[in-house]
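Visitor: Just dropping this structure here.
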Amino acid sequence: MRNEQIKAETTMSLTKKKEMSGKMTLEQLNKGQEGIIFFVPDNPTLAPLGFRPGKKVRLCCRESFGGPIIAEIEKRCIALGLTLAREIQVICGEAEANAL
């Protein structure tokens, strides 16, 4: 019984890890998760804020009730609306390690 429980927990852990790796939007990151930006929409405010392909970004927090997300990039915390955060694409997990 104990071995089956350990096997089930390991399988769940690996499944969750696999779900957290690969390509996703900035809005889809979990709190504290990091990724490398690979696509930024054509928006004149994003590049000066540091949102450029190849930059590392971390999701700091999400504001409640559909409010903005707070992302850390280049040691600065920046609030972004969800619409914009859904357009920024990142690579995270194993894919992130291979991209470096």
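Labeling convention for the structure tokens: chains A, B, ... as they appear, residues from 1 per chain, ligands from 1 in order of appearance.
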As a PyMOL selection string, please: the residues near Cys60 in chain A (cut-off 12 Å, only C-alpha atoms, same-chain neighbours under 3 positions excluded).
Guide: chain A and resi 26-27+29-34+57+63+68-73+75-80
Visitor: Write a file of the selected residues as an mmCIF file, in the first residue's frame, keeping N, CA, C and O atoms.
Guide:
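Below is the file selection.cif, written as the result:
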data_model
loop_
_atom_site.group_PDB
_atom_site.id
_atom_site.type_symbol
_atom_site.label_atom_id
_atom_site.label_comp_id
_atom_site.auth_asym_id
_atom_site.auth_seq_id
_atom_site.Cartn_x
_atom_site.Cartn_y
_atom_site.Cartn_z
ATOM 1 N N LEU A 26 2.927 34.810 -20.194
ATOM 2 C CA LEU A 26 3.340 35.361 -18.906
ATOM 3 C C LEU A 26 2.213 35.243 -17.892
ATOM 4 O O LEU A 26 2.433 34.952 -16.722
ATOM 5 N N GLU A 27 0.992 35.400 -18.330
ATOM 6 C CA GLU A 27 -0.170 35.323 -17.453
ATOM 7 C C GLU A 27 -0.361 33.914 -16.893
ATOM 8 O O GLU A 27 -0.908 33.735 -15.819
ATOM 9 N N LEU A 29 2.032 31.792 -15.936
ATOM 10 C CA LEU A 29 3.043 31.389 -14.957
ATOM 11 C C LEU A 29 2.429 31.328 -13.567
ATOM 12 O O LEU A 29 1.510 32.086 -13.253
ATOM 13 N N ASN A 30 2.968 30.450 -12.741
ATOM 14 C CA ASN A 30 2.563 30.395 -11.339
ATOM 15 C C ASN A 30 3.354 31.426 -10.554
ATOM 16 O O ASN A 30 4.447 31.830 -10.966
ATOM 17 N N LYS A 31 2.836 31.819 -9.410
ATOM 18 C CA LYS A 31 3.521 32.787 -8.556
ATOM 19 C C LYS A 31 4.920 32.273 -8.219
ATOM 20 O O LYS A 31 5.088 31.137 -7.793
ATOM 21 N N GLY A 32 5.925 33.095 -8.459
ATOM 22 C CA GLY A 32 7.315 32.731 -8.187
ATOM 23 C C GLY A 32 8.004 31.998 -9.320
ATOM 24 O O GLY A 32 9.218 31.820 -9.298
ATOM 25 N N GLN A 33 7.277 31.583 -10.333
ATOM 26 C CA GLN A 33 7.856 30.838 -11.449
ATOM 27 C C GLN A 33 8.582 31.784 -12.391
ATOM 28 O O GLN A 33 8.143 32.904 -12.624
ATOM 29 N N GLU A 34 9.697 31.313 -12.933
ATOM 30 C CA GLU A 34 10.494 32.113 -13.856
ATOM 31 C C GLU A 34 10.404 31.549 -15.262
ATOM 32 O O GLU A 34 10.119 30.371 -15.452
ATOM 33 N N VAL A 57 12.215 36.575 -16.733
ATOM 34 C CA VAL A 57 11.105 37.238 -16.049
ATOM 35 C C VAL A 57 10.554 36.291 -14.984
ATOM 36 O O VAL A 57 10.603 35.074 -15.148
ATOM 37 N N GLU A 63 -2.912 40.260 -8.761
ATOM 38 C CA GLU A 63 -3.893 41.016 -7.998
ATOM 39 C C GLU A 63 -5.256 40.355 -8.195
ATOM 40 O O GLU A 63 -5.529 39.763 -9.229
ATOM 41 N N PRO A 68 -4.121 43.452 -12.352
ATOM 42 C CA PRO A 68 -2.859 43.196 -13.062
ATOM 43 C C PRO A 68 -2.015 42.118 -12.391
ATOM 44 O O PRO A 68 -2.255 41.744 -11.250
ATOM 45 N N ILE A 69 -1.032 41.649 -13.146
ATOM 46 C CA ILE A 69 -0.011 40.770 -12.568
ATOM 47 C C ILE A 69 1.207 41.649 -12.296
ATOM 48 O O ILE A 69 1.382 42.691 -12.924
ATOM 49 N N ILE A 70 2.028 41.211 -11.354
ATOM 50 C CA ILE A 70 3.274 41.916 -11.061
ATOM 51 C C ILE A 70 4.405 40.990 -11.476
ATOM 52 O O ILE A 70 4.516 39.870 -10.980
ATOM 53 N N ALA A 71 5.222 41.464 -12.416
ATOM 54 C CA ALA A 71 6.334 40.668 -12.924
ATOM 55 C C ALA A 71 7.649 41.360 -12.588
ATOM 56 O O ALA A 71 7.739 42.590 -12.622
ATOM 57 N N GLU A 72 8.653 40.550 -12.269
ATOM 58 C CA GLU A 72 9.989 41.098 -12.007
ATOM 59 C C GLU A 72 10.866 40.825 -13.216
ATOM 60 O O GLU A 72 10.980 39.694 -13.672
ATOM 61 N N ILE A 73 11.455 41.888 -13.739
ATOM 62 C CA ILE A 73 12.369 41.782 -14.865
ATOM 63 C C ILE A 73 13.469 42.807 -14.661
ATOM 64 O O ILE A 73 13.199 43.950 -14.300
ATOM 65 N N LYS A 75 15.460 43.162 -12.210
ATOM 66 C CA LYS A 75 15.398 43.600 -10.813
ATOM 67 C C LYS A 75 14.391 44.724 -10.564
ATOM 68 O O LYS A 75 14.510 45.488 -9.626
ATOM 69 N N ARG A 76 13.391 44.833 -11.450
ATOM 70 C CA ARG A 76 12.315 45.804 -11.277
ATOM 71 C C ARG A 76 10.986 45.067 -11.292
ATOM 72 O O ARG A 76 10.786 44.155 -12.091
ATOM 73 N N CYS A 77 10.078 45.479 -10.451
ATOM 74 C CA CYS A 77 8.729 44.912 -10.431
ATOM 75 C C CYS A 77 7.814 45.822 -11.240
ATOM 76 O O CYS A 77 7.750 47.026 -10.991
ATOM 77 N N ILE A 78 7.108 45.209 -12.192
ATOM 78 C CA ILE A 78 6.279 45.977 -13.112
ATOM 79 C C ILE A 78 4.887 45.361 -13.163
ATOM 80 O O ILE A 78 4.746 44.144 -13.293
ATOM 81 N N ALA A 79 3.864 46.201 -13.050
ATOM 82 C CA ALA A 79 2.484 45.736 -13.148
ATOM 83 C C ALA A 79 2.052 45.757 -14.609
ATOM 84 O O ALA A 79 2.290 46.739 -15.320
ATOM 85 N N LEU A 80 1.447 44.656 -15.038
ATOM 86 C CA LEU A 80 0.933 44.553 -16.402
ATOM 87 C C LEU A 80 -0.511 44.089 -16.366
ATOM 88 O O LEU A 80 -0.858 43.195 -15.591
#
Visitor: Applying 12 Å and only C-alpha atoms, which residues near Ala47 in chain A remain after dropping the ones on its own chain fewer than 6 positions away? List them as a CSV table (one decimal) with all heavy atoms, in the first residue's frame.
Guide:
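That gives us around-v7.csv:
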chain,number,residue,atom,x,y,z
A,37,ILE,N,11.6,35.2,-21.9
A,37,ILE,CA,10.7,35.7,-22.9
A,37,ILE,C,11.2,35.3,-24.3
A,37,ILE,O,12.3,35.5,-24.6
A,37,ILE,CB,10.6,37.2,-22.8
A,37,ILE,CG1,10.1,37.6,-21.4
A,37,ILE,CG2,9.8,37.9,-23.9
A,37,ILE,CD1,10.1,39.1,-21.1
A,39,PHE,N,8.6,35.9,-27.1
A,39,PHE,CA,7.8,36.7,-27.9
A,39,PHE,C,7.2,37.9,-27.1
A,39,PHE,O,6.6,37.7,-26.1
A,39,PHE,CB,6.7,35.9,-28.6
A,39,PHE,CG,5.8,36.8,-29.4
A,39,PHE,CD1,6.2,37.2,-30.7
A,39,PHE,CD2,4.6,37.2,-28.9
A,39,PHE,CE1,5.3,38.0,-31.5
A,39,PHE,CE2,3.7,38.0,-29.7
A,39,PHE,CZ,4.1,38.4,-30.9
A,40,VAL,N,7.3,39.1,-27.7
A,40,VAL,CA,6.7,40.3,-27.1
A,40,VAL,C,5.9,40.9,-28.2
A,40,VAL,O,6.4,41.2,-29.3
A,40,VAL,CB,7.8,41.2,-26.6
A,40,VAL,CG1,7.2,42.5,-26.0
A,40,VAL,CG2,8.7,40.5,-25.5
A,41,PRO,N,4.7,41.3,-28.0
A,41,PRO,CA,3.9,42.0,-29.0
A,41,PRO,C,4.4,43.4,-29.3
A,41,PRO,O,5.2,43.9,-28.5
A,41,PRO,CB,2.5,42.1,-28.4
A,41,PRO,CG,2.7,42.1,-26.9
A,41,PRO,CD,3.9,41.2,-26.7
A,53,PRO,N,12.7,39.8,-26.0
A,53,PRO,CA,13.0,38.4,-26.1
A,53,PRO,C,14.4,38.1,-25.5
A,53,PRO,O,15.4,38.9,-25.7
A,53,PRO,CB,13.0,38.1,-27.6
A,53,PRO,CG,12.0,39.1,-28.1
A,53,PRO,CD,12.3,40.3,-27.3
A,54,GLY,N,14.5,37.0,-24.8
A,54,GLY,CA,15.8,36.5,-24.2
A,54,GLY,C,15.9,37.0,-22.8
A,54,GLY,O,16.8,36.5,-22.1
A,55,LYS,N,15.1,37.9,-22.3
A,55,LYS,CA,15.2,38.3,-20.9
A,55,LYS,C,14.5,37.4,-20.0
A,55,LYS,O,13.4,36.8,-20.3
A,55,LYS,CB,14.6,39.7,-20.8
A,55,LYS,CG,15.3,40.8,-21.5
A,55,LYS,CD,16.6,41.1,-20.8
A,55,LYS,CE,17.3,42.2,-21.5
A,55,LYS,NZ,18.5,42.6,-20.8
A,73,ILE,N,11.5,41.9,-13.7
A,73,ILE,CA,12.4,41.8,-14.9
A,73,ILE,C,13.5,42.8,-14.7
A,73,ILE,O,13.2,43.9,-14.3
A,73,ILE,CB,11.6,42.0,-16.2
A,73,ILE,CG1,12.5,41.6,-17.4
A,73,ILE,CG2,11.0,43.3,-16.3
A,73,ILE,CD1,11.8,41.4,-18.7
A,74,GLU,N,14.7,42.4,-14.8
A,74,GLU,CA,15.9,43.2,-14.6
A,74,GLU,C,15.8,43.9,-13.2
A,74,GLU,O,16.0,45.1,-13.1
A,74,GLU,CB,16.0,44.3,-15.7
A,74,GLU,CG,16.2,43.7,-17.1
A,74,GLU,CD,16.3,44.7,-18.2
A,74,GLU,OE1,15.9,45.8,-18.0
A,74,GLU,OE2,16.9,44.3,-19.3
A,88,ILE,N,2.4,38.1,-24.0
A,88,ILE,CA,3.9,37.9,-23.9
A,88,ILE,C,4.1,36.4,-23.7
A,88,ILE,O,3.5,35.8,-22.8
A,88,ILE,CB,4.4,38.7,-22.7
A,88,ILE,CG1,4.2,40.2,-22.9
A,88,ILE,CG2,5.9,38.4,-22.4
A,88,ILE,CD1,4.5,41.1,-21.7
